[in-house]
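As stored in input.tsv (TSV, C-alpha atoms and all ligand atoms):
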chain	number	residue	atom	x	y	z
A	1	MET	CA	57.33	-3.05	20.31
A	2	ARG	CA	56.27	-6.55	19.28
A	3	THR	CA	53.39	-6.55	21.68
A	4	SER	CA	52.12	-3.20	20.46
A	5	ILE	CA	52.25	-4.36	16.81
A	6	LEU	CA	50.51	-7.54	17.82
A	7	LEU	CA	48.00	-5.52	19.76
A	8	SER	CA	47.29	-3.13	16.90
A	9	MET	CA	46.98	-6.05	14.51
A	10	LEU	CA	44.52	-7.62	16.84
A	11	VAL	CA	42.53	-4.42	17.22
A	12	LEU	CA	42.58	-3.82	13.46
A	13	GLY	CA	41.65	-7.40	12.83
A	14	SER	CA	38.71	-7.34	15.16
A	15	LEU	CA	37.57	-3.96	13.81
A	16	THR	CA	37.53	-5.28	10.24
A	17	THR	CA	35.75	-8.42	11.27
A	18	ALA	CA	33.27	-6.39	13.24
A	19	SER	CA	32.44	-4.00	10.41
A	20	VAL	CA	32.21	-6.75	7.79
A	21	PHE	CA	30.07	-8.70	10.18
A	22	ALA	CA	27.86	-5.70	10.87
A	23	GLN	CA	27.34	-5.03	7.15
A	24	LYS	CA	26.46	-8.63	6.51
A	25	THR	CA	24.11	-8.94	9.41
A	26	ALA	CA	22.23	-5.76	8.59
A	27	VAL	CA	21.35	-6.67	5.02
A	28	GLN	CA	21.32	-10.43	5.47
A	29	SER	CA	19.26	-10.49	8.58
A	30	ILE	CA	16.56	-8.43	6.91
A	31	GLU	CA	16.49	-10.97	4.08
A	32	GLU	CA	16.37	-13.85	6.54
A	33	TYR	CA	13.73	-12.11	8.58
A	34	ARG	CA	11.53	-11.69	5.50
A	35	ALA	CA	11.98	-15.30	4.43
A	36	MET	CA	11.16	-16.52	7.93
A	37	LEU	CA	8.04	-14.40	8.13
A	38	ALA	CA	6.84	-15.34	4.65
A	39	ASP	CA	6.02	-18.79	6.00
A	40	GLY	CA	3.16	-17.48	8.04
A	41	ASN	CA	1.90	-14.13	6.84
A	42	PRO	CA	-0.54	-12.93	9.50
A	43	SER	CA	-2.57	-11.31	6.72
A	44	GLU	CA	-4.30	-14.69	6.40
A	45	LEU	CA	-6.22	-13.89	9.56
A	46	PHE	CA	-7.42	-10.62	8.01
A	47	GLU	CA	-8.35	-12.44	4.80
A	48	ALA	CA	-10.54	-14.89	6.71
A	49	LYS	CA	-12.17	-12.02	8.55
A	50	GLY	CA	-12.74	-10.11	5.31
A	51	GLU	CA	-14.40	-13.06	3.60
A	52	ASP	CA	-16.66	-13.45	6.61
A	53	LEU	CA	-17.58	-9.76	6.57
A	54	TRP	CA	-18.47	-9.94	2.87
A	55	LYS	CA	-21.04	-12.66	3.54
A	56	GLN	CA	-22.33	-11.47	6.89
A	57	LYS	CA	-25.61	-9.58	7.16
A	58	ARG	CA	-24.66	-6.33	8.87
A	59	GLY	CA	-25.50	-2.66	9.25
A	60	PRO	CA	-28.83	-0.83	9.63
A	61	LYS	CA	-30.19	-2.68	6.56
A	62	ASN	CA	-29.00	-6.06	7.83
A	63	ALA	CA	-27.60	-7.05	4.44
A	64	SER	CA	-24.42	-8.69	3.17
A	65	LEU	CA	-22.00	-7.22	0.64
A	66	GLU	CA	-22.50	-10.09	-1.78
A	67	ALA	CA	-24.24	-7.83	-4.32
A	68	CYS	CA	-21.44	-5.23	-4.23
A	69	ASP	CA	-20.27	-4.14	-7.69
A	70	LEU	CA	-16.49	-3.70	-7.69
A	71	GLY	CA	-16.44	-2.92	-11.39
A	72	LYS	CA	-16.99	-6.34	-12.91
A	73	GLY	CA	-20.70	-6.61	-12.08
A	74	PRO	CA	-22.60	-7.22	-8.83
A	75	GLY	CA	-20.99	-9.92	-6.71
A	76	VAL	CA	-17.97	-10.48	-8.99
A	77	TYR	CA	-14.82	-10.08	-6.94
A	78	LYS	CA	-12.22	-12.32	-8.64
A	79	GLY	CA	-9.85	-10.09	-10.59
A	80	ALA	CA	-11.56	-6.86	-9.48
A	81	PHE	CA	-8.63	-5.66	-7.38
A	82	VAL	CA	-6.10	-5.50	-10.23
A	83	GLU	CA	-8.46	-3.26	-12.25
A	84	LEU	CA	-8.98	-0.67	-9.52
A	85	PRO	CA	-9.17	2.33	-9.28
A	86	ARG	CA	-11.67	2.70	-12.14
A	87	TYR	CA	-14.61	4.90	-13.09
A	88	PHE	CA	-18.05	3.99	-11.70
A	89	ALA	CA	-21.10	5.38	-13.47
A	90	ASP	CA	-23.40	5.10	-10.43
A	91	THR	CA	-21.27	7.41	-8.28
A	92	GLY	CA	-19.82	9.37	-11.21
A	93	ARG	CA	-16.39	8.97	-9.64
A	94	VAL	CA	-13.16	7.11	-10.08
A	95	GLN	CA	-12.89	4.86	-7.03
A	96	ASP	CA	-10.31	2.54	-5.53
A	97	MET	CA	-11.06	-0.66	-3.60
A	98	GLU	CA	-11.44	1.04	-0.24
A	99	SER	CA	-13.64	3.93	-1.36
A	100	ARG	CA	-15.78	1.54	-3.43
A	101	LEU	CA	-16.28	-0.64	-0.35
A	102	LEU	CA	-17.61	2.43	1.47
A	103	THR	CA	-20.13	2.96	-1.34
A	104	CYS	CA	-21.32	-0.65	-1.05
A	105	MET	CA	-21.44	-0.49	2.75
A	106	GLN	CA	-23.61	2.61	2.50
A	107	ASN	CA	-25.90	1.52	-0.33
A	108	LEU	CA	-26.33	-2.13	0.60
A	109	GLN	CA	-25.90	-2.15	4.36
A	110	GLY	CA	-26.97	1.37	5.32
A	111	PHE	CA	-23.70	2.47	6.93
A	112	ASP	CA	-22.72	6.15	6.72
A	113	ALA	CA	-19.77	6.26	4.27
A	114	ASN	CA	-18.66	9.73	5.39
A	115	GLU	CA	-18.65	8.62	9.00
A	116	ILE	CA	-16.40	5.64	8.17
A	117	ALA	CA	-14.11	7.83	6.04
A	118	LYS	CA	-13.65	10.15	9.04
A	119	THR	CA	-12.94	7.27	11.43
A	120	ALA	CA	-9.27	6.85	12.35
A	121	PHE	CA	-7.34	3.94	10.83
A	122	GLY	CA	-7.47	0.87	13.04
A	123	LYS	CA	-10.74	1.93	14.69
A	124	GLY	CA	-14.39	0.90	14.30
A	125	GLU	CA	-15.56	0.12	10.78
A	126	GLN	CA	-12.15	1.11	9.34
A	127	VAL	CA	-10.83	-2.20	10.68
A	128	ASN	CA	-13.54	-4.01	8.70
A	129	VAL	CA	-12.81	-2.05	5.51
A	130	THR	CA	-9.14	-3.08	5.79
A	131	ALA	CA	-10.07	-6.75	6.34
A	132	LEU	CA	-12.42	-6.67	3.35
A	133	ALA	CA	-9.79	-5.03	1.13
A	134	THR	CA	-7.25	-7.63	2.30
A	135	TRP	CA	-9.48	-10.55	1.35
A	136	LEU	CA	-10.51	-8.99	-1.95
A	137	SER	CA	-6.87	-8.31	-2.88
A	138	ALA	CA	-6.04	-11.96	-2.09
A	139	GLU	CA	-8.74	-12.99	-4.57
A	140	SER	CA	-6.60	-11.37	-7.32
A	141	LYS	CA	-3.23	-12.64	-6.12
A	142	GLY	CA	-0.86	-13.41	-8.98
A	143	MET	CA	-2.96	-11.48	-11.50
A	144	LYS	CA	-1.47	-8.61	-13.47
A	145	PHE	CA	-2.44	-4.98	-12.94
A	146	ASN	CA	-4.61	-3.79	-15.77
A	147	LEU	CA	-6.24	-0.44	-15.02
A	148	SER	CA	-8.60	1.04	-17.56
A	149	GLN	CA	-7.66	4.38	-19.12
A	150	VAL	CA	-10.68	4.53	-21.41
A	151	HIS	CA	-13.10	6.82	-19.57
A	152	PRO	CA	-12.14	10.53	-19.66
A	153	GLN	CA	-12.36	10.64	-15.84
A	154	GLU	CA	-9.80	7.84	-15.65
A	155	LYS	CA	-7.43	9.78	-17.88
A	156	ILE	CA	-7.93	12.94	-15.84
A	157	ALA	CA	-7.28	10.99	-12.62
A	158	TYR	CA	-3.99	9.72	-14.05
A	159	GLU	CA	-2.86	13.22	-15.04
A	160	VAL	CA	-3.88	14.66	-11.68
A	161	GLY	CA	-2.13	11.81	-9.87
A	162	LYS	CA	1.04	12.43	-11.85
A	163	ARG	CA	1.03	16.12	-10.98
A	164	LEU	CA	0.40	15.36	-7.32
A	165	PHE	CA	3.29	12.93	-7.35
A	166	PHE	CA	5.70	15.65	-8.47
A	167	GLN	CA	4.13	18.50	-6.47
A	168	ARG	CA	6.69	19.86	-4.05
A	169	ALA	CA	5.57	21.79	-0.99
A	170	GLY	CA	5.58	21.73	2.78
A	171	PRO	CA	8.33	22.60	5.27
A	172	HIS	CA	10.88	20.35	3.49
A	173	ASP	CA	9.78	21.09	-0.07
A	174	PHE	CA	9.21	17.37	-0.58
A	175	ALA	CA	7.20	15.62	-3.28
A	176	CYS	CA	6.46	11.91	-3.53
A	177	ALA	CA	9.13	12.02	-6.25
A	178	SER	CA	11.75	13.24	-3.72
A	179	CYS	CA	11.70	9.79	-2.14
A	180	HIS	CA	10.26	7.63	-4.92
A	181	GLY	CA	11.55	9.22	-8.14
A	182	GLN	CA	14.89	7.44	-8.58
A	183	ASP	CA	16.27	3.93	-8.75
A	184	ASN	CA	18.21	2.27	-5.94
A	185	THR	CA	17.49	4.67	-3.11
A	186	ARG	CA	16.79	3.80	0.46
A	187	ILE	CA	16.06	5.42	3.80
A	188	ARG	CA	18.09	3.58	6.43
A	189	LEU	CA	17.55	-0.02	5.32
A	190	GLN	CA	14.23	0.41	3.56
A	191	ASP	CA	14.31	0.25	-0.20
A	192	LEU	CA	12.46	3.11	-1.83
A	193	PRO	CA	10.90	1.88	-5.05
A	194	ASN	CA	10.94	4.17	-8.09
A	195	LEU	CA	7.22	4.69	-8.53
A	196	THR	CA	7.46	6.93	-11.62
A	197	LYS	CA	7.83	3.82	-13.76
A	198	ASN	CA	6.73	0.20	-13.45
A	199	PRO	CA	8.28	-0.85	-10.14
A	200	GLY	CA	7.59	-4.55	-10.82
A	201	ASP	CA	5.87	-7.51	-9.24
A	202	GLY	CA	5.09	-7.21	-5.57
A	203	ILE	CA	6.42	-3.67	-5.21
A	204	GLY	CA	4.58	-0.43	-4.69
A	205	PHE	CA	1.00	-0.66	-5.84
A	206	ALA	CA	1.29	-4.42	-6.42
A	207	ALA	CA	1.91	-5.15	-2.72
A	208	TRP	CA	-0.74	-3.35	-0.69
A	209	PRO	CA	-2.73	-4.13	1.48
A	210	ALA	CA	0.25	-5.41	3.44
A	211	TYR	CA	0.92	-6.66	6.93
A	212	ARG	CA	3.54	-4.45	8.54
A	213	VAL	CA	5.66	-6.50	10.89
A	214	SER	CA	7.26	-3.45	12.53
A	215	ASN	CA	3.99	-2.37	14.11
A	216	GLY	CA	1.92	-5.54	13.75
A	217	GLN	CA	-0.73	-3.79	11.65
A	218	MET	CA	-2.54	-4.56	8.44
A	219	TRP	CA	-2.51	-1.49	6.16
A	220	GLY	CA	-4.50	-0.79	3.03
A	221	MET	CA	-3.26	1.54	0.28
A	222	GLN	CA	-5.12	4.49	1.79
A	223	GLN	CA	-3.19	4.13	5.03
A	224	ARG	CA	0.08	3.63	3.12
A	225	LEU	CA	-0.54	6.95	1.35
A	226	ASN	CA	-1.58	8.60	4.60
A	227	ASP	CA	1.75	7.63	6.16
A	228	CYS	CA	3.73	8.85	3.15
A	229	TYR	CA	1.92	12.20	3.33
A	230	ARG	CA	2.97	12.33	6.98
A	231	GLN	CA	6.60	11.63	5.98
A	232	GLN	CA	6.26	14.38	3.43
A	233	ARG	CA	5.00	16.74	6.19
A	234	PHE	CA	1.79	17.36	4.25
A	235	PRO	CA	-1.68	17.32	5.78
A	236	TYR	CA	-3.53	14.11	4.91
A	237	PRO	CA	-6.00	14.74	2.07
A	238	GLY	CA	-8.55	12.37	3.60
A	239	PHE	CA	-9.61	8.74	3.29
A	240	GLY	CA	-10.85	7.95	-0.21
A	241	SER	CA	-10.37	11.57	-1.31
A	242	ASP	CA	-9.96	12.45	-4.98
A	243	VAL	CA	-6.29	13.16	-4.23
A	244	THR	CA	-5.42	9.73	-2.83
A	245	ILE	CA	-7.46	8.02	-5.54
A	246	ALA	CA	-5.74	10.02	-8.31
A	247	LEU	CA	-2.38	8.96	-6.88
A	248	GLY	CA	-3.66	5.38	-6.88
A	249	VAL	CA	-4.54	5.67	-10.56
A	250	TYR	CA	-1.08	7.06	-11.37
A	251	LEU	CA	0.69	4.30	-9.42
A	252	GLY	CA	-1.68	1.58	-10.65
A	253	VAL	CA	-1.39	2.53	-14.33
A	254	ASN	CA	2.40	2.66	-13.95
A	255	SER	CA	2.23	-0.88	-12.52
A	256	ALA	CA	0.50	-2.30	-15.63
A	257	GLY	CA	1.55	-5.89	-16.19
A	258	SER	CA	3.05	-6.36	-12.71
A	259	LYS	CA	1.75	-9.30	-10.75
A	260	SER	CA	-0.02	-8.47	-7.52
A	261	ILE	CA	1.30	-10.24	-4.43
A	262	ALA	CA	-1.13	-8.43	-2.14
A	263	PRO	CA	-1.71	-8.96	0.68
A	264	ALA	CA	2.06	-8.75	1.11
A	265	LEU	CA	4.30	-8.80	4.12
A	266	LYS	CA	6.34	-5.67	4.77
A	267	ARG	CA	8.97	-4.71	7.26
B	301	LIG	C1	10.32	11.42	3.00
B	301	LIG	C2	10.30	10.32	2.09
B	301	LIG	C3	8.98	9.88	1.49
B	301	LIG	C4	8.06	10.64	0.81
B	301	LIG	C5	8.10	12.13	0.55
B	301	LIG	C6	7.04	9.72	0.35
B	301	LIG	N1	7.33	8.45	0.75
B	301	LIG	FE1	6.36	6.74	0.16
B	301	LIG	N2	7.63	5.63	1.32
B	301	LIG	C7	8.66	6.12	2.07
B	301	LIG	C8	9.26	5.04	2.82
B	301	LIG	C9	10.43	5.17	3.80
B	301	LIG	C10	8.56	3.86	2.47
B	301	LIG	C11	8.81	2.45	2.98
B	301	LIG	C12	8.16	2.33	4.31
B	301	LIG	C13	8.32	1.02	4.96
B	301	LIG	O1	9.15	0.19	4.56
B	301	LIG	O2	7.60	0.82	5.90
B	301	LIG	C14	7.54	4.28	1.51
B	301	LIG	C15	6.66	3.40	0.89
B	301	LIG	C16	5.76	3.74	-0.10
B	301	LIG	C17	4.96	2.82	-0.88
B	301	LIG	C18	5.00	1.31	-0.75
B	301	LIG	C19	6.18	0.77	-1.49
B	301	LIG	C20	6.32	-0.74	-1.35
B	301	LIG	O3	6.79	-1.40	-2.28
B	301	LIG	O4	5.99	-1.25	-0.30
B	301	LIG	C21	4.19	3.57	-1.73
B	301	LIG	C22	3.20	3.03	-2.76
B	301	LIG	C23	4.51	4.96	-1.48
B	301	LIG	N3	5.46	5.04	-0.51
B	301	LIG	C24	3.91	6.02	-2.13
B	301	LIG	C25	4.19	7.38	-1.85
B	301	LIG	C26	3.45	8.49	-2.42
B	301	LIG	C27	2.33	8.36	-3.41
B	301	LIG	C28	4.00	9.62	-1.90
B	301	LIG	C29	3.54	11.07	-2.09
B	301	LIG	C30	2.22	11.34	-1.57
B	301	LIG	C31	5.10	9.22	-1.03
B	301	LIG	N4	5.16	7.85	-1.01
B	301	LIG	C32	5.93	10.11	-0.38
B	301	LIG	C33	9.11	7.42	2.07
B	301	LIG	C34	8.50	8.50	1.47
How does this structure look as structure tokens?
Amino acid sequence: MRTSILLSMLVLGSLTTASVFAQKTAVQSIEEYRAMLADGNPSELFEAKGEDLWKQKRGPKNASLEACDLGKGPGVYKGAFVELPRYFADTGRVQDMESRLLTCMQNLQGFDANEIAKTAFGKGEQVNVTALATWLSAESKGMKFNLSQVHPQEKIAYEVGKRLFFQRAGPHDFACASCHGQDNTRIRLQDLPNLTKNPGDGIGFAAWPAYRVSNGQMWGMQQRLNDCYRQQRFPYPGFGSDVTIALGVYLGVNSAGSKSIAPALKR
């Protein structure tokens, strides 16, 4: 009798300890893991590469990107990232950082922008676009998002982005809003930011490009959106497409006033 009580107490005791311990370790270890990694964000390597690529003479025209206009005039890159996507008169389009880089690579260096847009993430010139976007985002680190909503095309892009965000379809009838439309939700241990309002500093739009520790890859916003479309079981609308850019405008305008921590470090 005594032994069995003792035994059950022991079992109960160890079960409680185990579950409390498991809860603690799950949440805590993720926090610790982030803090540990923050000391040496590998994105610095991509930043260095991006800065190099900006200055290097490359492509069929053997030219650098130093005259690239990211919205603040040719060659001005400080603060450009937190104002993108924006309308560009020369292309007649609203463009984000990555699609604008393609324009500059084509016009200044003679690369084929369509070819690069069709290239898979992590391959060929796509790797260089990511490195460039990483460096350029770092040049606006700590600055607040401030997207223009003055040009009619910018307003249209916001409205289109908003509709796309709430558009449910596909085999699971998912929208972006299904996963990102409420506060305090998570999938497994990943926090899902509410992107319908200002998610805050370093979250959502204010964090990408980011280095993803889980797969050791540097991802720009276009790849982030690509992966969310995959999670949504939608076909990918294409690199730098009007769809992904409109979503960028919606998310970016919602982030107004949030400080960019890009390039961030993500799980
Ligand atoms: C099935 C759920 C799901 C859907 C639908 C979904 N996402 Fe996500 N999204 C996630 C998950 C999970 C993460 C976090 C991934 C990680 O930690 O690696 C994420 C991360 C993000 C982030 C980065 C957040 C941050 O702070 O790092 C953005 C921005 C984002 N999603 C936008 C979108 C957009 C826009 C759509 C619609 C095209 C969308 N998502 C659809 C699950 C989803």
Could you name the residues that touch segment 192-204 of chain A at 12 Å or less, counting all atoms listed in the file, but leaving out those on the same chain fewer than 3 positions away, as a PyMOL selection string?
-> chain A and resi 141-145+161-166+176-189+207-210+220-221+224-225+228+247-266
Could you check how far atom CA of Arg86 of chain A sits from atom CA of Ala67 of chain A, in Å to one decimal?
->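 Value for the atom CA of Arg86 of chain A-atom CA of Ala67 of chain A distance: 18.2 Å.
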Expected axis-aligned box over every listed atom of ligand LIG 301 (chain B), 5 Å added per side, centre plus edges in Å to one decimal, as lines of an AutoDock Vina configuration file:
center_x = 6.3
center_y = 5.4
center_z = 1.2
size_x = 18.2
size_y = 23.5
size_z = 19.3
Could you list as an mmCIF file with C-alpha atoms, in the coordinates of the input every residue that has an atom within 9 Å of (-23.0, -2.9, 2.9), using the file's coordinates and counting all atoms listed in the file?
data_model
loop_
_atom_site.group_PDB
_atom_site.id
_atom_site.type_symbol
_atom_site.label_atom_id
_atom_site.label_comp_id
_atom_site.auth_asym_id
_atom_site.auth_seq_id
_atom_site.Cartn_x
_atom_site.Cartn_y
_atom_site.Cartn_z
ATOM 1 C CA TRP A 54 -18.470 -9.940 2.870
ATOM 2 C CA LYS A 57 -25.610 -9.580 7.160
ATOM 3 C CA ARG A 58 -24.660 -6.330 8.870
ATOM 4 C CA GLY A 59 -25.500 -2.660 9.250
ATOM 5 C CA LYS A 61 -30.190 -2.680 6.560
ATOM 6 C CA ASN A 62 -29.000 -6.060 7.830
ATOM 7 C CA ALA A 63 -27.600 -7.050 4.440
ATOM 8 C CA SER A 64 -24.420 -8.690 3.170
ATOM 9 C CA LEU A 65 -22.000 -7.220 0.640
ATOM 10 C CA GLU A 66 -22.500 -10.090 -1.780
ATOM 11 C CA ALA A 67 -24.240 -7.830 -4.320
ATOM 12 C CA CYS A 68 -21.440 -5.230 -4.230
ATOM 13 C CA LEU A 101 -16.280 -0.640 -0.350
ATOM 14 C CA LEU A 102 -17.610 2.430 1.470
ATOM 15 C CA THR A 103 -20.130 2.960 -1.340
ATOM 16 C CA CYS A 104 -21.320 -0.650 -1.050
ATOM 17 C CA MET A 105 -21.440 -0.490 2.750
ATOM 18 C CA GLN A 106 -23.610 2.610 2.500
ATOM 19 C CA ASN A 107 -25.900 1.520 -0.330
ATOM 20 C CA LEU A 108 -26.330 -2.130 0.600
ATOM 21 C CA GLN A 109 -25.900 -2.150 4.360
ATOM 22 C CA GLY A 110 -26.970 1.370 5.320
ATOM 23 C CA PHE A 111 -23.700 2.470 6.930
#
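Shortest atom-to-atom contact with ligand LIG 301 (chain B) among A:Phe174, A:Glu115, A:Pro235, A:Ser241: A:Phe174, counting only C-alpha atoms and all ligand atoms.
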Quote the spacing between atom CA of Gly71 of chain A and atom CA of Leu84 of chain A in Å to one decimal place.
->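 Pair atom CA of Gly71 of chain A / atom CA of Leu84 of chain A returns 8.0 Å.
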Work out how far atom CA of Glu139 of chain A is from atom CA of Thr119 of chain A, in Å to one decimal.
->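 Going from atom CA of Thr119 of chain A over to atom CA of Glu139 of chain A, I get 26.2 Å.
The closest residue to Asn146 of chain A, picked from A:Glu98, A:Val82, A:Val129, A:Thr134 and counting all atoms listed in the file, is A:Val82.
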